[in-house]
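Data from input04.cif: mmCIF, C-alpha atoms
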data_entry
#
loop_
_atom_site.label_atom_id
_atom_site.label_comp_id
_atom_site.auth_asym_id
_atom_site.auth_seq_id
_atom_site.Cartn_x
_atom_site.Cartn_y
_atom_site.Cartn_z
CA MET A 1 100.95 35.29 78.49
CA THR A 2 100.58 34.27 74.82
CA THR A 3 104.33 34.59 74.21
CA ILE A 4 105.13 32.45 77.25
CA ASN A 5 102.53 29.85 76.33
CA ASP A 6 103.88 29.64 72.79
CA LEU A 7 107.44 29.40 74.05
CA THR A 8 106.51 26.65 76.51
CA ALA A 9 104.62 24.71 73.86
CA ARG A 10 107.60 24.91 71.51
CA LEU A 11 110.36 24.08 74.01
CA CYS A 12 108.57 21.50 76.13
CA PRO A 13 105.51 20.18 74.25
CA ASN A 14 105.28 17.11 76.47
CA GLY A 15 105.32 19.03 79.75
CA VAL A 16 108.16 20.03 82.07
CA GLU A 17 110.16 18.21 84.68
CA TRP A 18 109.32 18.78 88.33
CA LYS A 19 112.24 18.74 90.72
CA PRO A 20 112.57 19.16 94.50
CA LEU A 21 113.92 22.48 95.67
CA TYR A 22 117.03 20.91 97.14
CA GLU A 23 118.18 20.04 93.60
CA LEU A 24 117.66 23.60 92.40
CA ALA A 25 118.71 25.72 95.37
CA ASN A 26 121.84 25.76 97.51
CA TYR A 27 121.70 26.80 101.15
CA GLU A 28 124.24 28.17 103.57
CA GLN A 29 124.14 28.28 107.36
CA PRO A 30 124.57 31.91 108.51
CA SER A 31 126.76 31.24 111.56
CA LYS A 32 129.70 33.38 110.40
CA TYR A 33 127.39 36.30 109.55
CA ILE A 34 125.72 36.64 112.97
CA VAL A 35 125.92 40.18 114.32
CA SER A 36 128.08 40.80 117.40
CA ASN A 37 127.35 44.49 118.02
CA THR A 38 123.62 44.80 118.68
CA ASN A 39 123.80 48.47 119.66
CA TYR A 40 121.82 49.32 116.55
CA ASP A 41 121.86 52.84 115.14
CA ASP A 42 120.31 54.14 111.92
CA ALA A 43 123.56 55.96 111.25
CA PHE A 44 125.38 52.64 110.80
CA SER A 45 125.59 51.13 107.34
CA THR A 46 124.94 47.38 107.61
CA PRO A 47 121.38 46.10 108.15
CA VAL A 48 120.77 43.17 110.49
CA LEU A 49 118.13 40.81 109.12
CA THR A 50 115.58 38.25 110.17
CA ALA A 51 113.21 36.64 107.69
CA GLY A 52 110.06 37.49 109.63
CA LYS A 53 107.75 40.50 109.48
CA THR A 54 110.32 42.82 111.07
CA PHE A 55 112.94 41.87 108.45
CA ILE A 56 115.44 44.66 109.24
CA LEU A 57 115.99 44.73 113.00
CA GLY A 58 118.40 47.65 112.89
CA TYR A 59 121.80 48.73 111.59
CA THR A 60 125.19 47.75 112.94
CA ASN A 61 128.76 48.97 112.51
CA ASP A 62 130.11 45.40 112.44
CA THR A 63 132.55 45.13 109.56
CA ASP A 64 133.62 41.48 109.91
CA GLY A 65 131.47 38.68 108.58
CA VAL A 66 129.21 40.78 106.34
CA TYR A 67 127.43 38.78 103.63
CA LEU A 68 128.13 40.73 100.43
CA ALA A 69 124.87 40.28 98.55
CA SER A 70 124.29 42.71 95.70
CA LYS A 71 122.05 43.41 92.70
CA LYS A 72 124.24 41.09 90.64
CA HIS A 73 124.50 38.46 93.39
CA PRO A 74 121.22 38.42 95.34
CA VAL A 75 120.07 35.78 97.83
CA ILE A 76 116.87 34.64 99.48
CA ILE A 77 116.91 34.58 103.26
CA PHE A 78 114.61 31.90 104.65
CA ASP A 79 113.32 31.62 108.22
CA ASP A 80 113.93 27.99 109.14
CA PHE A 81 111.01 27.92 111.60
CA THR A 82 108.23 30.03 110.01
CA CYS A 83 109.20 29.57 106.32
CA ALA A 84 108.99 33.35 105.79
CA PHE A 85 111.43 34.49 103.13
CA LYS A 86 112.81 37.73 101.66
CA TRP A 87 114.68 38.78 98.56
CA VAL A 88 117.96 40.47 99.53
CA ASP A 89 120.29 42.29 97.14
CA PHE A 90 122.42 44.31 99.56
CA PRO A 91 125.16 43.49 102.12
CA PHE A 92 123.84 42.31 105.49
CA LYS A 93 124.39 40.53 108.78
CA VAL A 94 121.86 38.30 110.55
CA LYS A 95 120.39 38.07 114.00
CA SER A 96 120.78 34.33 114.58
CA SER A 97 121.34 30.95 112.96
CA ALA A 98 117.59 30.43 112.56
CA ILE A 99 117.70 31.30 108.86
CA LYS A 100 119.13 29.80 105.70
CA ILE A 101 120.81 31.81 102.95
CA ILE A 102 119.49 30.48 99.65
CA THR A 103 121.18 30.74 96.26
CA ALA A 104 120.38 28.99 92.96
CA ASN A 105 121.92 26.23 90.94
CA GLU A 106 122.36 28.70 88.10
CA GLU A 107 123.01 26.12 85.39
CA ILE A 108 119.38 25.02 85.48
CA THR A 109 117.36 27.68 87.26
CA LEU A 110 117.05 31.40 88.06
CA LEU A 111 116.97 32.44 91.70
CA ARG A 112 114.24 34.96 90.94
CA TYR A 113 112.14 32.17 89.40
CA ILE A 114 112.57 30.14 92.60
CA PHE A 115 111.56 33.22 94.63
CA HIS A 116 108.27 33.64 92.75
CA MET A 117 107.65 29.89 92.93
CA MET A 118 108.14 29.90 96.72
CA GLY A 119 105.35 32.46 96.94
CA LYS A 120 103.05 30.09 95.08
CA LEU A 121 103.85 27.20 97.46
CA ALA A 122 102.13 29.04 100.34
CA PHE A 123 103.24 26.42 102.88
CA ILE A 124 102.03 27.19 106.42
CA PRO A 125 104.03 25.31 109.08
CA ASN A 126 102.83 24.19 112.49
CA LEU A 127 104.69 26.72 114.63
CA SER A 128 104.12 24.74 117.81
CA ASP A 129 106.53 22.07 116.47
CA HIS A 130 109.41 24.59 116.64
CA GLN A 131 111.15 22.50 113.99
CA ARG A 132 113.75 23.61 111.46
CA LEU A 133 112.05 23.11 108.13
CA TRP A 134 114.29 23.78 105.12
CA ILE A 135 115.96 20.36 105.08
CA SER A 136 113.17 18.33 106.69
CA LYS A 137 110.18 19.61 104.66
CA TYR A 138 110.42 22.74 102.59
CA SER A 139 113.29 21.76 100.28
CA LEU A 140 111.47 18.52 99.46
CA PHE A 141 108.67 20.37 97.67
CA LYS A 142 108.75 19.80 93.93
CA ILE A 143 108.40 22.71 91.55
CA PRO A 144 108.16 22.78 87.73
CA LEU A 145 111.41 23.42 85.93
CA PRO A 146 110.83 24.87 82.44
CA PRO A 147 113.83 25.88 80.29
CA LEU A 148 115.80 28.96 81.40
CA GLU A 149 114.35 30.96 78.50
CA VAL A 150 110.82 30.35 79.78
CA GLN A 151 111.85 31.09 83.37
CA GLY A 152 113.32 34.40 82.24
CA LYS A 153 110.11 35.47 80.49
CA ILE A 154 108.00 34.53 83.53
CA VAL A 155 110.29 36.49 85.86
CA GLU A 156 110.12 39.50 83.53
CA VAL A 157 106.30 39.56 83.66
CA LEU A 158 105.96 38.96 87.41
CA ASP A 159 108.65 41.49 88.28
CA LYS A 160 106.65 44.18 86.49
CA PHE A 161 103.75 43.59 88.86
CA THR A 162 105.96 43.60 91.96
CA ALA A 163 107.63 46.82 90.76
CA LEU A 164 104.20 48.48 90.50
CA VAL A 165 103.36 47.49 94.08
CA GLU A 166 106.74 48.71 95.36
CA GLU A 167 106.23 52.05 93.60
CA LEU A 168 102.80 52.50 95.22
CA VAL A 169 104.17 51.61 98.67
CA GLU A 170 106.94 54.16 98.15
CA ARG A 171 104.35 56.82 97.32
CA LYS A 172 102.68 56.13 100.70
CA LYS A 173 106.04 56.65 102.41
CA GLN A 174 106.50 59.90 100.49
CA TYR A 175 103.13 61.12 101.79
CA ARG A 176 104.15 60.44 105.38
CA TYR A 177 107.42 62.28 104.84
CA TYR A 178 105.66 65.27 103.25
CA ARG A 179 103.15 65.39 106.10
CA GLU A 180 105.99 65.50 108.61
CA VAL A 181 107.93 68.29 106.89
CA LEU A 182 104.71 70.24 106.29
CA LEU A 183 104.05 70.18 110.05
CA SER A 184 107.63 70.69 111.20
CA PHE A 185 107.55 74.52 111.11
CA ASP A 186 111.28 74.75 110.49
CA GLU A 187 113.64 75.26 107.56
CA GLU A 188 112.34 72.06 105.89
CA THR A 189 108.76 73.33 105.78
CA PRO A 190 107.58 73.74 102.14
CA SER A 191 107.76 77.30 100.86
CA VAL A 192 103.97 77.63 100.48
CA ILE A 193 103.62 77.31 104.28
CA ARG A 194 106.92 78.98 105.18
CA ASP A 195 105.96 82.14 103.26
CA MET A 196 102.61 82.32 105.07
CA LEU A 197 104.33 81.86 108.43
CA SER A 198 106.86 84.63 107.78
CA ARG A 199 103.99 86.98 106.85
CA LEU A 200 101.53 86.06 109.61
CA CYS A 201 103.79 85.16 112.53
CA PRO A 202 107.31 86.52 111.90
CA ASN A 203 108.30 85.89 115.53
CA GLY A 204 107.55 82.19 115.39
CA VAL A 205 104.66 79.82 115.99
CA GLU A 206 102.85 79.73 119.32
CA TRP A 207 102.86 76.41 121.19
CA LYS A 208 100.36 75.15 123.77
CA LEU A 209 99.81 71.91 125.66
CA LEU A 210 96.96 69.77 124.39
CA GLY A 211 95.20 70.05 127.75
CA GLU A 212 94.93 73.81 127.15
CA VAL A 213 93.13 73.47 123.82
CA ALA A 214 90.98 70.35 124.16
CA GLU A 215 88.64 68.34 126.34
CA ILE A 216 90.06 64.82 126.79
CA GLY A 217 88.12 61.78 127.94
CA THR A 218 87.34 58.11 127.38
CA GLY A 219 84.25 56.14 126.44
CA SER A 220 82.22 53.70 128.52
CA SER A 221 81.61 50.86 126.04
CA ASN A 222 83.20 47.40 125.95
CA ALA A 223 84.41 45.68 122.78
CA ASN A 224 81.88 42.85 123.20
CA GLU A 225 79.08 45.40 122.66
CA GLY A 226 80.20 45.97 119.08
CA LEU A 227 78.08 44.87 116.12
CA GLU A 228 78.91 44.16 112.49
CA GLU A 229 76.05 46.47 111.54
CA GLY A 230 74.66 49.35 113.59
CA LEU A 231 73.50 52.94 113.44
CA TYR A 232 76.69 54.57 114.69
CA PRO A 233 80.45 54.00 114.45
CA PHE A 234 81.95 52.45 117.58
CA TYR A 235 85.62 53.33 117.96
CA VAL A 236 87.66 50.72 119.78
CA ARG A 237 91.45 50.30 119.91
CA SER A 238 92.01 49.35 116.29
CA GLN A 239 92.08 51.16 112.98
CA LYS A 240 88.80 49.54 111.94
CA PRO A 241 85.76 50.75 113.94
CA LEU A 242 82.84 48.53 114.94
CA ARG A 243 79.18 49.60 115.01
CA LYS A 244 76.58 50.19 117.74
CA ASN A 245 72.93 51.17 117.83
CA GLU A 246 73.56 53.63 120.68
CA TYR A 247 75.92 56.61 120.72
CA GLU A 248 77.77 58.31 123.56
CA PHE A 249 79.01 61.52 121.92
CA ASP A 250 77.84 63.92 119.22
CA GLU A 251 80.81 66.13 118.36
CA THR A 252 83.95 66.61 116.32
CA ALA A 253 86.79 64.65 117.89
CA ILE A 254 90.05 62.85 117.35
CA ILE A 255 90.19 59.28 118.66
CA THR A 256 93.30 57.37 119.71
CA ALA A 257 93.91 54.03 121.43
CA GLY A 258 94.65 54.14 125.16
CA ASP A 259 96.45 50.81 125.13
CA GLY A 260 97.19 48.03 122.68
CA ASN A 261 97.90 49.88 119.43
CA VAL A 262 99.24 52.93 121.23
CA GLY A 263 100.44 55.62 118.80
CA LYS A 264 99.12 53.67 115.80
CA VAL A 265 95.36 54.30 115.85
CA PHE A 266 93.88 57.67 114.94
CA HIS A 267 90.35 58.53 113.81
CA TYR A 268 88.74 61.84 112.89
CA VAL A 269 85.00 61.84 113.59
CA GLU A 270 82.23 64.37 113.07
CA GLY A 271 78.82 63.49 114.53
CA LYS A 272 77.43 60.72 116.71
CA TYR A 273 79.66 57.83 117.83
CA ALA A 274 80.34 55.35 120.61
CA LEU A 275 83.72 54.90 122.26
CA HIS A 276 85.59 52.10 124.01
CA GLN A 277 86.47 52.67 127.66
CA ARG A 278 90.19 52.38 126.86
CA ALA A 279 90.16 54.73 123.88
CA TYR A 280 90.57 58.49 124.22
CA ARG A 281 88.51 61.24 122.63
CA ILE A 282 90.11 64.62 122.05
CA HIS A 283 87.51 67.34 121.50
CA ILE A 284 89.10 70.66 120.51
CA THR A 285 87.57 73.55 122.47
CA LEU A 286 89.88 76.47 121.59
CA PRO A 287 88.44 78.41 118.61
CA LYS A 288 91.85 79.15 117.12
CA VAL A 289 92.58 75.43 116.60
CA MET A 290 91.04 73.59 113.65
CA PRO A 291 90.23 69.99 114.73
CA LYS A 292 91.29 68.59 111.35
CA TYR A 293 94.63 70.41 111.61
CA TYR A 294 95.19 68.89 115.04
CA PHE A 295 94.27 65.44 113.70
CA TYR A 296 97.01 65.63 111.09
CA TYR A 297 99.51 67.00 113.58
CA MET A 298 98.76 64.19 116.04
CA CYS A 299 99.13 61.52 113.33
CA SER A 300 102.53 62.97 112.49
CA ALA A 301 104.06 63.81 115.87
CA PHE A 302 102.29 61.74 118.52
CA PRO A 303 103.79 58.27 117.75
CA SER A 304 107.39 59.34 118.45
CA TYR A 305 106.29 61.43 121.47
CA ILE A 306 104.41 58.58 123.12
CA GLU A 307 107.07 56.00 122.24
CA LYS A 308 109.65 57.94 124.27
CA LEU A 309 107.30 58.23 127.25
CA MET A 310 106.37 54.56 127.18
CA TYR A 311 110.04 53.60 126.96
CA GLN A 312 110.74 55.65 130.08
CA SER A 313 107.77 54.29 132.02
CA SER A 314 107.80 50.70 130.65
CA VAL A 315 103.98 50.89 130.44
CA ALA A 316 102.40 50.22 127.02
CA SER A 317 99.39 52.43 127.67
CA ILE A 318 98.51 56.11 127.68
CA ARG A 319 97.81 57.96 130.89
CA ARG A 320 95.72 61.10 130.63
CA SER A 321 98.68 63.28 131.64
CA MET A 322 100.59 62.03 128.60
CA LEU A 323 97.89 63.55 126.43
CA THR A 324 97.34 66.76 128.35
CA ASP A 325 101.09 67.50 128.30
CA PHE A 326 101.48 66.85 124.56
CA PRO A 327 102.85 70.11 123.01
CA VAL A 328 101.02 71.41 119.93
CA PRO A 329 102.16 74.20 117.57
CA LEU A 330 99.40 76.70 116.78
CA PRO A 331 100.04 78.66 113.57
CA PRO A 332 97.32 81.13 112.50
CA LEU A 333 94.03 79.64 111.26
CA GLU A 334 94.89 80.64 107.68
CA VAL A 335 98.00 78.47 107.84
CA GLN A 336 96.13 75.62 109.52
CA GLY A 337 93.52 75.75 106.79
CA LYS A 338 96.13 75.58 104.03
CA ILE A 339 97.81 72.59 105.69
CA VAL A 340 94.44 70.82 105.98
CA GLU A 341 93.66 71.56 102.33
CA ILE A 342 96.95 70.01 101.18
CA LEU A 343 96.85 66.99 103.49
CA ASP A 344 93.18 66.22 102.80
CA GLN A 345 94.12 65.51 99.19
CA PHE A 346 97.03 63.27 100.20
CA HIS A 347 94.98 61.56 102.92
CA THR A 348 92.23 60.51 100.53
CA LEU A 349 94.77 59.31 98.02
CA THR A 350 96.74 57.23 100.50
CA THR A 351 94.13 55.90 102.95
CA SER A 352 90.84 55.37 101.11
CA LEU A 353 89.85 51.71 101.02
CA THR A 354 87.79 52.14 97.83
CA GLU A 355 90.01 54.53 95.93
CA GLY A 356 93.57 55.77 96.05
CA ILE A 357 96.82 54.00 96.79
CA PRO A 358 95.68 51.24 99.23
CA ALA A 359 93.01 50.06 96.81
CA GLU A 360 95.52 50.18 93.96
CA ILE A 361 98.09 48.21 95.98
CA GLU A 362 95.51 45.55 96.81
CA ALA A 363 94.40 45.33 93.18
CA ARG A 364 97.98 45.00 91.93
CA ARG A 365 98.77 42.31 94.52
CA LYS A 366 95.75 40.30 93.44
CA GLN A 367 96.72 40.78 89.82
CA TYR A 368 100.24 39.56 90.59
CA GLN A 369 98.91 36.49 92.42
CA TYR A 370 96.56 35.67 89.55
CA TYR A 371 99.29 35.83 86.90
CA ARG A 372 101.83 34.12 89.16
CA ASP A 373 99.49 31.16 89.64
CA LYS A 374 98.74 31.06 85.92
CA LEU A 375 102.33 31.39 84.76
CA LEU A 376 103.74 28.90 87.25
CA SER A 377 101.27 26.13 86.47
CA PHE A 378 102.85 23.52 84.20
CA LYS A 379 101.88 20.10 83.00
CA GLU A 380 104.30 17.58 84.47
CA LYS A 381 106.33 15.63 81.97
CA LYS A 382 105.64 11.93 82.18
CA GLU A 383 108.62 9.63 82.48
CA THR A 384 109.12 7.30 79.55
#
Would you give me this structure, written as structure tokens?
Amino acid sequence: MTTINDLTARLCPNGVEWKPLYELANYEQPSKYIVSNTNYDDAFSTPVLTAGKTFILGYTNDTDGVYLASKKHPVIIFDDFTCAFKWVDFPFKVKSSAIKIITANEEITLLRYIFHMMGKLAFIPNLSDHQRLWISKYSLFKIPLPPLEVQGKIVEVLDKFTALVEELVERKKQYRYYREVLLSFDEETPSVIRDMLSRLCPNGVEWKLLGEVAEIGTGSSNANEGLEEGLYPFYVRSQKPLRKNEYEFDETAIITAGDGNVGKVFHYVEGKYALHQRAYRIHITLPKVMPKYYFYYMCSAFPSYIEKLMYQSSVASIRRSMLTDFPVPLPPLEVQGKIVEILDQFHTLTTSLTEGIPAEIEARRKQYQYYRDKLLSFKEKKET
């Protein structure tokens, strides 16, 4: 910060010019880059982009009309209706003409500086207007334009914060991958588990249907009965539970959403709790199954299982038979215990709201926003 302040004071002691984005950034309509083959497959090489939350819709084998962005020649893709934007430094195609491809007027500005500045603008459009916004509104916003040397220093600082966040997000992905291979019971299983399996069950792991090892049911509460404060957790159909002063169950159970966030909501509960009428409780009854082991297995394998069934039935909800017929591998309790021991450590690290990776990600994002707002605040140079 001190270096940048000193540099700014030396190079532009009277303030900096503010210019509209259209003078600093060039845009291109994406018409010739629109994908033609929408039979997406992860085995294909070219991502198909939107600028919204989904970002990468899938991968295509289209070879004509690929925009050849790269690390040396990146672009910003900008959603012309929502004003969402993404940094892109790899070849791509696009879904539709509803985006702009943004590059910089490199003689006076850095594209990465513009990218960070766009984050500071925080413009929220009226989506009901359904109006294309780059030309009509967004590009008219003025931003400060310090010398390139100052822009470069600012980008260097802010990129360090974004790199930290990206590294933490990647560690979360690594946890999910490790959980999946740990519970795969095949040649990819880590040696610590594979060695135990070869010793304890040389003929393979036993499998049973969930209905054979657990009692499955729903609650009787409605969401409008939830409180901000209450004696007991009240599990609904979201990852964040509510509270109630009355409980329905006193047990160890795994909770999952029956509709809404199907395959995305999982809770492990020990003790008294209330339950929504469209959420399922899975209470393990077979002694040779550790409930915590099953919780981790369900988190890993159930989303893809239920996604296939919902695709076939076109119903975005879980029927009881979908749960009772869910196949579950049952390694010996010693193996289950070792898996739980390993994943408990990862789970705390990657899911705790007060410690671990999510808290660190949130802290780094706030830190980035603080320094971004500080670094990108300039006194405007008065015209003489």
- request: Report as a list in words the residues that result from applying the PyMOL selection byres ((chain A and resi 248) around 9) to the structure here.
  value: Gly219, Ser220, Ser221, Glu246, Tyr247, Phe249, Asp250, Lys272, Tyr273, Ala274 and Leu275 of chain A
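Applied to the file shown here, the PyMOL selection byres ((chain A and resi 268) around 6) selects the residues Ile254, His267 and Val269 of chain A.
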message: To test your reading of the syntax: which residues would the PyMOL selection byres ((chain A and resi 210) around 9) return for the file shown? Reply as a ChimeraX atom specification.
response: /A:208-209,211-216,282,284,323-328
query: So which one's closest to A:Gly58, A:Arg176, A:Arg199, A:Lys95, A:Lys308? Using all atoms listed in the file, please.
result: A:Lys95
message: Using only C-alpha atoms, which protein or nucleic acid residues come within 10 Å of A:Gln151? Drop anything in the same chain fewer than 2 positions from it, and give the result as a PyMOL selection string.
response: chain A and resi 4+8+108-114+145-149+153-156+375-376
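Using only C-alpha atoms, the residues found no farther than 8 Å from A:Ala84, other than those of its own chain fewer than 6 positions away, are Ala51, Gly52 and Phe78 of chain A.
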task: Would you mind listing what lies within 7 Å of A:Val165 as a list in words, with all atoms listed in the file counted and same-chain residues fewer than 4 positions away left out?
output: Phe161, Val169, Ile361, Arg364 and Arg365 of chain A
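Between atom CA of A:Lys120 and atom CA of A:Lys173 the interatomic distance comes to 27.7 Å.
Each of A:Phe85, A:Phe115, A:Phe123, A:Tyr280 was checked against A:Thr50 using only C-alpha atoms; the smallest atom-to-atom distance is that of A:Phe85.
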task: Rank A:Ile193, A:His276, A:Ser96, A:Glu225 by their smallest atom-to-atom distance to A:Val181, using all atoms listed in the file, and report the top residue only.
output: A:Ile193
- request: Extract, using only C-alpha atoms, all DNA, RNA and protein residues at most 9 Å from A:Val94, discarding same-chain residues fewer than 2 positions from it, and format them as a ChimeraX atom specification.
  value: /A:30-31,33-35,47-50,66-67,92,96-97,99
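Between atom CA of A:Ser321 and atom CA of A:Cys201 there is a distance of 29.5 Å.
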Spatial neighbours of A:Asp89, max dist 7 Å, all atoms listed in the file, sep filter under 2 positions, as a PyMOL selection string: chain A and resi 69-71+73-75+87
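Of the listed residues (A:Asp195, A:Asp344, A:Glu307, A:Asp41), A:Glu307 comes nearest to A:Gly263; the distances count only C-alpha atoms.
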message: Ranking A:Ile318, A:Asn222, A:Gly204, A:Glu251 by minimum distance to A:Pro291 and counting all atoms listed in the file, which one comes first?
response: A:Glu251
Residue list as a PyMOL selection string for point (99.0, 81.0, 108.7), cut-off 7 Å, only C-alpha atoms: chain A and resi 196-197+200+331-336
